[in-house]
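Next comes run-v5.tsv, a file with TSV, C-alpha atoms.
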```
chain	number	residue	atom	x	y	z
A	24	MET	CA	107.58	-2.01	-68.29
A	25	SER	CA	104.08	-2.11	-69.83
A	26	HIS	CA	103.28	1.40	-68.55
A	27	ALA	CA	106.50	2.64	-70.17
A	28	ILE	CA	105.55	1.02	-73.48
A	29	VAL	CA	102.09	2.63	-73.43
A	30	GLU	CA	103.59	6.00	-72.51
A	31	GLU	CA	105.97	5.75	-75.45
A	32	LEU	CA	103.18	4.69	-77.81
A	33	VAL	CA	101.09	7.68	-76.73
A	34	ALA	CA	104.00	10.09	-77.15
A	35	SER	CA	104.91	8.81	-80.61
A	36	GLY	CA	101.31	8.90	-81.82
A	37	GLN	CA	101.39	5.16	-82.47
A	38	LEU	CA	98.69	4.39	-79.93
A	39	PHE	CA	96.30	6.71	-81.76
A	40	ASP	CA	97.16	4.91	-85.02
A	41	PHE	CA	96.54	1.53	-83.34
A	42	VAL	CA	93.15	2.67	-82.04
A	43	SER	CA	92.15	4.21	-85.38
A	44	GLN	CA	93.16	1.08	-87.30
A	45	ALA	CA	91.40	-1.16	-84.77
A	46	ALA	CA	88.22	0.91	-85.17
A	47	VAL	CA	88.24	0.71	-88.96
A	48	GLU	CA	89.13	-3.00	-89.02
A	49	SER	CA	86.38	-3.79	-86.52
A	50	ILE	CA	83.47	-1.73	-87.79
A	51	TYR	CA	83.55	-2.35	-91.53
A	52	PRO	CA	83.49	-6.17	-91.46
A	53	LEU	CA	81.00	-6.18	-88.58
A	54	CYS	CA	78.47	-3.68	-89.94
A	55	GLY	CA	79.41	-3.29	-93.59
A	56	VAL	CA	79.61	0.50	-93.28
A	57	GLU	CA	82.48	2.80	-94.16
A	58	VAL	CA	84.35	4.45	-91.30
A	59	THR	CA	86.08	7.84	-91.27
A	60	VAL	CA	88.53	8.68	-88.49
A	61	LEU	CA	87.82	12.32	-87.63
A	62	GLY	CA	90.77	12.71	-85.28
A	63	PRO	CA	91.62	12.54	-81.60
A	64	GLY	CA	88.78	13.08	-79.17
A	65	PRO	CA	88.62	13.78	-75.46
A	66	LEU	CA	89.12	10.85	-73.13
A	67	PRO	CA	85.96	9.53	-71.49
A	68	TRP	CA	86.66	11.11	-68.13
A	69	SER	CA	86.76	14.63	-69.57
A	70	ASP	CA	83.83	14.15	-71.94
A	71	PRO	CA	81.78	11.15	-70.84
A	72	PRO	CA	79.77	9.50	-73.58
A	73	VAL	CA	76.15	8.74	-72.71
A	74	GLY	CA	76.68	5.03	-73.21
A	75	ILE	CA	79.99	3.18	-73.16
A	76	ALA	CA	81.20	-0.40	-73.31
A	77	LEU	CA	84.54	-1.25	-71.72
A	78	VAL	CA	86.79	-4.27	-72.02
A	79	SER	CA	89.66	-4.78	-69.61
A	80	LEU	CA	93.01	-6.03	-70.85
A	81	ALA	CA	95.38	-7.46	-68.25
A	82	ASP	CA	98.98	-8.64	-68.40
A	83	THR	CA	99.01	-12.43	-68.51
A	84	GLY	CA	102.28	-12.35	-66.53
A	85	GLU	CA	102.84	-11.06	-63.01
A	86	SER	CA	103.24	-7.32	-63.60
A	87	GLY	CA	99.66	-6.52	-62.62
A	88	PHE	CA	99.38	-4.14	-65.58
A	89	GLN	CA	95.80	-3.40	-66.60
A	90	ALA	CA	94.29	-1.35	-69.38
A	91	VAL	CA	90.87	-0.75	-70.85
A	92	ALA	CA	89.50	-0.41	-74.39
A	93	TRP	CA	86.17	1.31	-74.97
A	94	VAL	CA	83.48	2.25	-77.45
A	95	GLY	CA	81.05	4.99	-76.49
A	96	GLY	CA	78.84	7.74	-77.75
A	97	PRO	CA	75.46	9.43	-77.52
A	98	PHE	CA	72.49	7.05	-77.52
A	99	GLU	CA	71.46	8.09	-81.03
A	100	ALA	CA	74.88	7.11	-82.40
A	101	LEU	CA	74.87	3.81	-80.50
A	102	ALA	CA	71.35	3.07	-81.75
A	103	SER	CA	72.49	3.70	-85.34
A	104	LEU	CA	75.35	1.23	-84.83
A	105	ALA	CA	72.94	-1.38	-83.46
A	106	GLU	CA	70.51	-0.75	-86.33
A	107	ALA	CA	73.30	-1.34	-88.85
A	108	LEU	CA	73.98	-4.68	-87.20
A	109	LEU	CA	70.45	-5.87	-86.57
A	110	GLY	CA	68.34	-4.24	-89.24
A	111	GLU	CA	66.05	-2.55	-86.71
A	112	ARG	CA	66.55	0.37	-84.36
A	113	PRO	CA	66.60	-0.55	-80.67
A	114	ALA	CA	65.36	1.69	-77.85
A	115	GLU	CA	67.84	3.30	-75.45
A	116	ASP	CA	67.33	0.70	-72.75
A	117	ASP	CA	67.17	-2.25	-75.14
A	118	GLU	CA	69.47	-5.19	-74.40
A	119	MET	CA	70.29	-5.31	-78.11
A	120	LEU	CA	71.76	-1.80	-78.09
A	121	GLN	CA	74.02	-2.73	-75.19
A	122	ASP	CA	74.92	-6.03	-76.89
A	123	ALA	CA	75.91	-4.19	-80.07
A	124	VAL	CA	78.18	-1.73	-78.25
A	125	ARG	CA	79.70	-4.49	-76.09
A	126	GLU	CA	80.38	-6.59	-79.17
A	127	LEU	CA	82.13	-3.76	-80.99
A	128	ALA	CA	84.21	-2.95	-77.89
A	129	ASN	CA	85.15	-6.63	-77.61
A	130	ILE	CA	86.37	-6.72	-81.21
A	131	VAL	CA	88.27	-3.44	-80.85
A	132	ALA	CA	89.94	-4.83	-77.71
A	133	GLY	CA	90.95	-7.96	-79.66
A	134	ARG	CA	92.50	-5.84	-82.39
A	135	MET	CA	94.37	-3.81	-79.75
A	136	GLN	CA	95.53	-7.03	-78.07
A	137	GLU	CA	97.06	-8.15	-81.37
A	138	ARG	CA	98.81	-4.82	-81.99
A	139	LEU	CA	100.14	-4.53	-78.46
A	140	GLN	CA	101.53	-8.04	-78.68
A	141	GLY	CA	103.59	-6.75	-81.58
A	142	ALA	CA	104.80	-3.97	-79.28
A	143	GLY	CA	105.91	-6.47	-76.63
A	144	MET	CA	102.83	-6.67	-74.40
A	145	THR	CA	100.93	-9.93	-73.85
A	146	LEU	CA	97.46	-9.07	-72.58
A	147	GLY	CA	94.38	-11.20	-71.87
A	148	LEU	CA	90.86	-9.92	-72.55
A	149	GLY	CA	88.12	-9.53	-69.97
A	150	LEU	CA	84.38	-9.54	-70.56
A	151	PRO	CA	82.83	-6.40	-72.07
A	152	VAL	CA	80.77	-4.31	-69.67
A	153	TYR	CA	78.24	-1.63	-70.65
A	154	VAL	CA	77.56	1.43	-68.54
A	155	GLY	CA	75.11	4.12	-69.43
A	156	GLY	CA	73.89	7.48	-68.23
A	157	ALA	CA	75.39	9.12	-65.15
A	158	ARG	CA	77.35	5.99	-64.22
A	159	SER	CA	79.61	6.54	-67.25
A	160	LEU	CA	80.92	9.70	-65.55
A	161	ASN	CA	83.21	7.62	-63.34
A	162	VAL	CA	84.61	5.43	-66.09
A	163	GLY	CA	87.91	7.18	-66.57
A	164	ALA	CA	88.78	7.97	-62.97
A	165	SER	CA	91.57	5.41	-62.77
A	166	LEU	CA	92.97	5.76	-66.30
A	167	VAL	CA	96.40	7.34	-66.68
A	168	ASN	CA	97.66	7.10	-70.22
A	169	GLY	CA	95.58	6.72	-73.32
A	170	VAL	CA	93.99	8.05	-76.46
A	171	SER	CA	90.52	8.36	-77.90
A	172	ALA	CA	89.58	8.54	-81.56
A	173	HIS	CA	86.37	10.00	-82.89
A	174	VAL	CA	85.12	7.92	-85.79
A	175	GLN	CA	82.17	8.62	-88.06
A	176	LEU	CA	80.11	5.81	-89.53
A	177	GLY	CA	78.92	6.00	-93.13
A	178	LEU	CA	75.25	5.84	-92.17
A	179	PRO	CA	72.54	8.38	-93.11
A	180	ASP	CA	72.72	10.23	-89.75
A	181	ARG	CA	76.57	10.19	-89.75
A	182	PRO	CA	76.88	8.97	-86.14
A	183	VAL	CA	80.17	9.63	-84.33
A	184	LEU	CA	81.59	7.15	-81.83
A	185	ALA	CA	84.47	7.53	-79.38
A	186	ILE	CA	86.83	4.55	-79.48
A	187	GLY	CA	89.89	4.39	-77.26
A	188	PHE	CA	92.44	2.62	-75.14
A	189	ALA	CA	94.11	3.64	-71.88
A	190	ALA	CA	96.27	2.12	-69.15
A	191	LYS	CA	94.95	1.94	-65.60
A	192	GLU	CA	96.77	3.32	-62.58
A	193	GLY	CA	98.96	0.98	-60.60
B	9	MET	CA	67.77	-29.98	-91.77
B	10	LEU	CA	70.85	-29.32	-89.67
B	11	ARG	CA	70.87	-29.11	-85.86
B	12	VAL	CA	73.18	-26.35	-84.72
B	13	LEU	CA	74.02	-25.28	-81.18
B	14	ILE	CA	74.96	-21.59	-80.90
B	15	VAL	CA	76.69	-20.64	-77.64
B	16	ASP	CA	77.20	-16.94	-76.94
B	17	ASP	CA	76.34	-14.74	-73.96
B	18	SER	CA	75.28	-12.03	-76.42
B	19	LYS	CA	71.73	-12.52	-77.66
B	20	MET	CA	72.57	-10.26	-80.59
B	21	MET	CA	75.44	-12.51	-81.67
B	22	ARG	CA	73.25	-15.62	-81.41
B	23	ILE	CA	70.76	-13.91	-83.74
B	24	MET	CA	73.54	-12.84	-86.12
B	25	HIS	CA	75.09	-16.32	-86.28
B	26	ALA	CA	71.68	-17.88	-86.99
B	27	ARG	CA	71.13	-15.29	-89.72
B	28	SER	CA	74.57	-16.05	-91.21
B	29	LEU	CA	73.67	-19.73	-91.40
B	30	ARG	CA	70.46	-18.92	-93.28
B	31	GLN	CA	72.26	-16.48	-95.59
B	32	ALA	CA	74.83	-19.16	-96.36
B	33	GLY	CA	71.96	-21.35	-97.54
B	34	TYR	CA	71.66	-23.72	-94.58
B	35	GLU	CA	68.31	-24.67	-93.15
B	36	ALA	CA	68.88	-25.34	-89.50
B	37	GLU	CA	67.15	-26.04	-86.23
B	38	ILE	CA	68.93	-23.69	-83.85
B	39	LEU	CA	69.56	-24.48	-80.20
B	40	GLU	CA	70.75	-21.49	-78.20
B	41	ALA	CA	72.80	-21.27	-75.02
B	42	GLY	CA	73.95	-18.12	-73.24
B	43	SER	CA	76.78	-19.77	-71.31
B	44	GLY	CA	79.04	-22.82	-71.27
B	45	GLU	CA	76.96	-24.37	-68.49
B	46	GLU	CA	73.74	-24.02	-70.49
B	47	ALA	CA	75.47	-25.38	-73.57
B	48	LEU	CA	76.68	-28.45	-71.71
B	49	GLN	CA	73.10	-29.22	-70.72
B	50	LEU	CA	72.08	-29.10	-74.40
B	51	PHE	CA	75.08	-30.97	-75.78
B	52	GLU	CA	74.12	-34.55	-76.54
B	53	PRO	CA	76.85	-36.40	-78.44
B	54	GLY	CA	75.85	-37.51	-81.91
B	55	THR	CA	72.77	-35.27	-82.16
B	56	LEU	CA	74.28	-32.05	-83.49
B	57	ASP	CA	75.74	-31.14	-86.88
B	58	LEU	CA	77.68	-28.11	-85.69
B	59	VAL	CA	78.52	-26.09	-82.59
B	60	ILE	CA	79.30	-22.39	-82.93
B	61	VAL	CA	80.78	-21.07	-79.71
B	62	ASP	CA	82.17	-17.82	-78.32
B	63	TRP	CA	85.23	-17.89	-76.06
B	64	ASN	CA	84.68	-15.12	-73.51
B	65	MET	CA	81.53	-15.79	-71.50
B	66	PRO	CA	80.70	-15.39	-67.83
B	67	GLY	CA	81.10	-18.64	-65.85
B	68	MET	CA	82.20	-21.58	-68.01
B	69	ASP	CA	83.87	-20.09	-71.08
B	70	GLY	CA	83.90	-21.52	-74.59
B	71	VAL	CA	87.19	-23.37	-74.19
B	72	GLU	CA	86.09	-25.05	-70.96
B	73	PHE	CA	82.80	-26.00	-72.61
B	74	ALA	CA	84.60	-27.47	-75.64
B	75	ARG	CA	86.87	-29.55	-73.39
B	76	ALA	CA	83.93	-30.89	-71.34
B	77	ALA	CA	81.85	-31.59	-74.44
B	78	ARG	CA	84.69	-33.50	-76.11
B	79	GLU	CA	85.15	-35.63	-72.99
B	80	ARG	CA	81.48	-36.48	-73.01
B	81	GLU	CA	81.68	-37.24	-76.74
B	82	ARG	CA	84.67	-39.53	-76.28
B	83	ALA	CA	82.97	-41.39	-73.45
B	84	SER	CA	79.86	-41.91	-75.57
B	85	GLY	CA	81.75	-43.22	-78.61
B	86	LYS	CA	79.51	-41.10	-80.85
B	87	ARG	CA	80.73	-39.20	-83.93
B	88	ARG	CA	82.74	-36.01	-83.53
B	89	THR	CA	80.72	-32.80	-83.83
B	90	PRO	CA	82.45	-29.92	-85.66
B	91	PHE	CA	83.23	-27.03	-83.28
B	92	LEU	CA	83.63	-23.53	-84.70
B	93	MET	CA	84.86	-20.91	-82.24
B	94	ILE	CA	84.37	-17.24	-83.11
B	95	THR	CA	86.33	-15.02	-80.78
B	96	SER	CA	88.16	-11.73	-80.32
B	97	GLN	CA	91.13	-13.55	-78.81
B	98	SER	CA	93.96	-13.37	-81.26
B	99	THR	CA	97.25	-14.53	-79.75
B	100	ASP	CA	98.94	-17.73	-80.94
B	101	GLU	CA	98.97	-19.13	-77.40
B	102	GLN	CA	95.20	-18.67	-77.14
B	103	MET	CA	94.62	-20.32	-80.50
B	104	HIS	CA	96.65	-23.35	-79.34
B	105	ARG	CA	94.60	-23.51	-76.14
B	106	ALA	CA	91.36	-23.60	-78.13
B	107	LYS	CA	92.64	-26.33	-80.45
B	108	ASP	CA	93.87	-28.39	-77.49
B	109	ALA	CA	90.40	-28.18	-75.96
B	110	GLY	CA	88.84	-29.67	-79.10
B	111	VAL	CA	87.91	-26.68	-81.23
B	112	ASP	CA	88.20	-27.58	-84.93
B	113	THR	CA	88.27	-24.10	-86.43
B	114	LEU	CA	88.80	-20.73	-84.82
B	115	LEU	CA	87.85	-17.47	-86.50
B	116	THR	CA	89.03	-14.18	-85.09
B	117	LYS	CA	86.47	-11.36	-85.01
B	118	PRO	CA	85.43	-9.44	-86.94
B	119	VAL	CA	84.31	-12.16	-89.34
B	120	THR	CA	82.80	-11.17	-92.67
B	121	PRO	CA	79.65	-13.06	-93.81
B	122	GLU	CA	81.68	-14.40	-96.75
B	123	ALA	CA	84.44	-15.79	-94.51
B	124	LEU	CA	81.89	-17.34	-92.19
B	125	ALA	CA	79.99	-18.93	-95.10
B	126	ALA	CA	83.21	-20.43	-96.49
B	127	THR	CA	84.13	-21.85	-93.08
B	128	LEU	CA	80.65	-23.31	-92.57
B	129	ASP	CA	80.86	-24.95	-96.02
B	130	MET	CA	84.24	-26.48	-95.13
B	131	LEU	CA	83.18	-27.76	-91.71
B	132	LEU	CA	79.85	-29.15	-92.85
B	133	ALA	CA	81.35	-30.78	-95.96
B	134	ALA	CA	83.98	-32.49	-93.81
B	135	ARG	CA	81.20	-33.78	-91.55
B	136	ALA	CA	79.37	-35.29	-94.53
```
Will you turn the file into structure tokens for me?
Amino acid sequence: MSHAIVEELVASGQLFDFVSQAAVESIYPLCGVEVTVLGPGPLPWSDPPVGIALVSLADTGESGFQAVAWVGGPFEALASLAEALLGERPAEDDEMLQDAVRELANIVAGRMQERLQGAGMTLGLGLPVYVGGARSLNVGASLVNGVSAHVQLGLPDRPVLAIGFAAKEG
Amino acid sequence: MLRVLIVDDSKMMRIMHARSLRQAGYEAEILEAGSGEEALQLFEPGTLDLVIVDWNMPGMDGVEFARAARERERASGKRRTPFLMITSQSTDEQMHRAKDAGVDTLLTKPVTPEALAATLDMLLAARA
């Protein structure tokens, strides 16, 4: 049932709208920067970002349905996001950079949870997890249906993030 | 000066909440906990002016912590500490769960500094 709903949302373009709206609604209040949705981007498994934070969403019933929401991008873009939040630029391996990306992914997942509830899916949120470097290559291996939006932040270096949602196999 | 316990597994969010308190004009001694278990060790009934707590944390989550802290508070007979939960969880069922556990106010992320300041004013005025 849930897989069918996601498939329909992808086909109708509504899932992309949900993700785009979730991105805009999450980033502006969190960082105070304007957001421009550039358009659909490749899913993480065909174009892995250098750093990515993932949040699992699972059916609170018995269907076993699972999905994932993510925020990813090159380190420079992620560092710009963290700088907008914290007022100082973290290094690539800084806990604060990972915290910033995890936090944004968590909020995006919450916004998706709310929208999908409106579409008939009741999903619980998991804890955000950050993966970086080569490990991010495997992120999308089990994802079957989803969309990714490329969004640009209104910061001096115009960083672009990939924000998305996809169902997991099974 | 206020005594505020901030409970969040994200160090960045603990820093941001402390900054929001200062920006809202509150001078506060901040106690920090990265989990519900740590928070429970720091929670002494009657000694705090406010608890700001996240929901999703590894181990004991924010709702479990709130429930345990309220039980301890009831047993002690001390005054009720305001609990503000800031979370990404947004379903009605989850909001009811948080309230049942003893959370006074729940804000769904993302929270603007203005909304947070207004909520802090309301909670701290009610305490006074």
Quick one: everything within 8 Å of range 104-114 of chain B, counting only C-alpha atoms, minus sequence neighbours fewer than 6 positions away in the same chain. Send it as a PyMOL selection string.
chain B and resi 71-72+74-75+78+90-95
Residues within 10 Å of (89.1, 6.4, -89.5), file coords, all atoms listed in the file, listed as number ranges by chain
A: 40, 42-48, 57-62, 172-176
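Between CA of Glu118 in chain A and CA of Met20 in chain B the separation is 8.6 Å.
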When the cut-off is 12 Å and we count all atoms listed in the file, which residues of chain B are near chain A, given as a ChimeraX atom specification?
/B:16-25,27-28,62-67,69,94-102,116-124
Work out how far CA of Gly96 in chain A is from CA of Ile75 in chain A, in Å to one decimal.
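Those two atoms sit 6.6 Å apart.
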Residue nearest Leu56 in chain B - candidates B:Leu10, B:Met68, B:Ala26, B:Val15, atoms counted: all atoms listed in the file
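Closest candidate: B:Leu10.
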What does the distance from CA of Gln31 in chain B to CA of Ser103 in chain A come to in Å, to one decimal?
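One can read the CA of Gln31 in chain B to CA of Ser103 in chain A distance as 22.6 Å.
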With a distance cut-off of 7 Å and only C-alpha atoms, select the neighbouring residues of Pro97 in chain A, excluding the residue or stretch itself and same-chain residues fewer than 3 positions from it, and output the selection as a PyMOL selection string.
chain A and resi 72-74+100-101
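Nearest to Pro65 in chain A of all the residues A:Leu38, A:Val170, A:Leu184, A:Leu178 is A:Val170, based on only C-alpha atoms.
The residue that comes closest to Glu115 in chain A, out of A:Gly155, A:Leu80, A:Glu31, A:Asn168 and on the basis of all atoms listed in the file, is A:Gly155.
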Mind listing as a ChimeraX atom specification all residues within 12 Å of (82.1, -28.8, -93.6), counting all atoms listed in the file?
/B:10,34,57-59,89-92,112-113,124-136
At a cut-off of 7 Å, using all atoms listed in the file, what residues contact range 90-92 of chain A? Leave out same-chain residues fewer than 6 positions from it and give the result as a ChimeraX atom specification.
/A:77-81,128,132,187-191
Under the rule that only C-alpha atoms are counted, which of B:Ala77, B:Leu29, B:Ser84, B:Met9 is the nearest residue to Phe51 in chain B?
B:Ala77
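When all atoms listed in the file are used to measure the gap to Gly36 in chain A, the shortest distance among A:Gly177, A:Pro182, A:Gly141, A:Gly169 belongs to A:Gly169.
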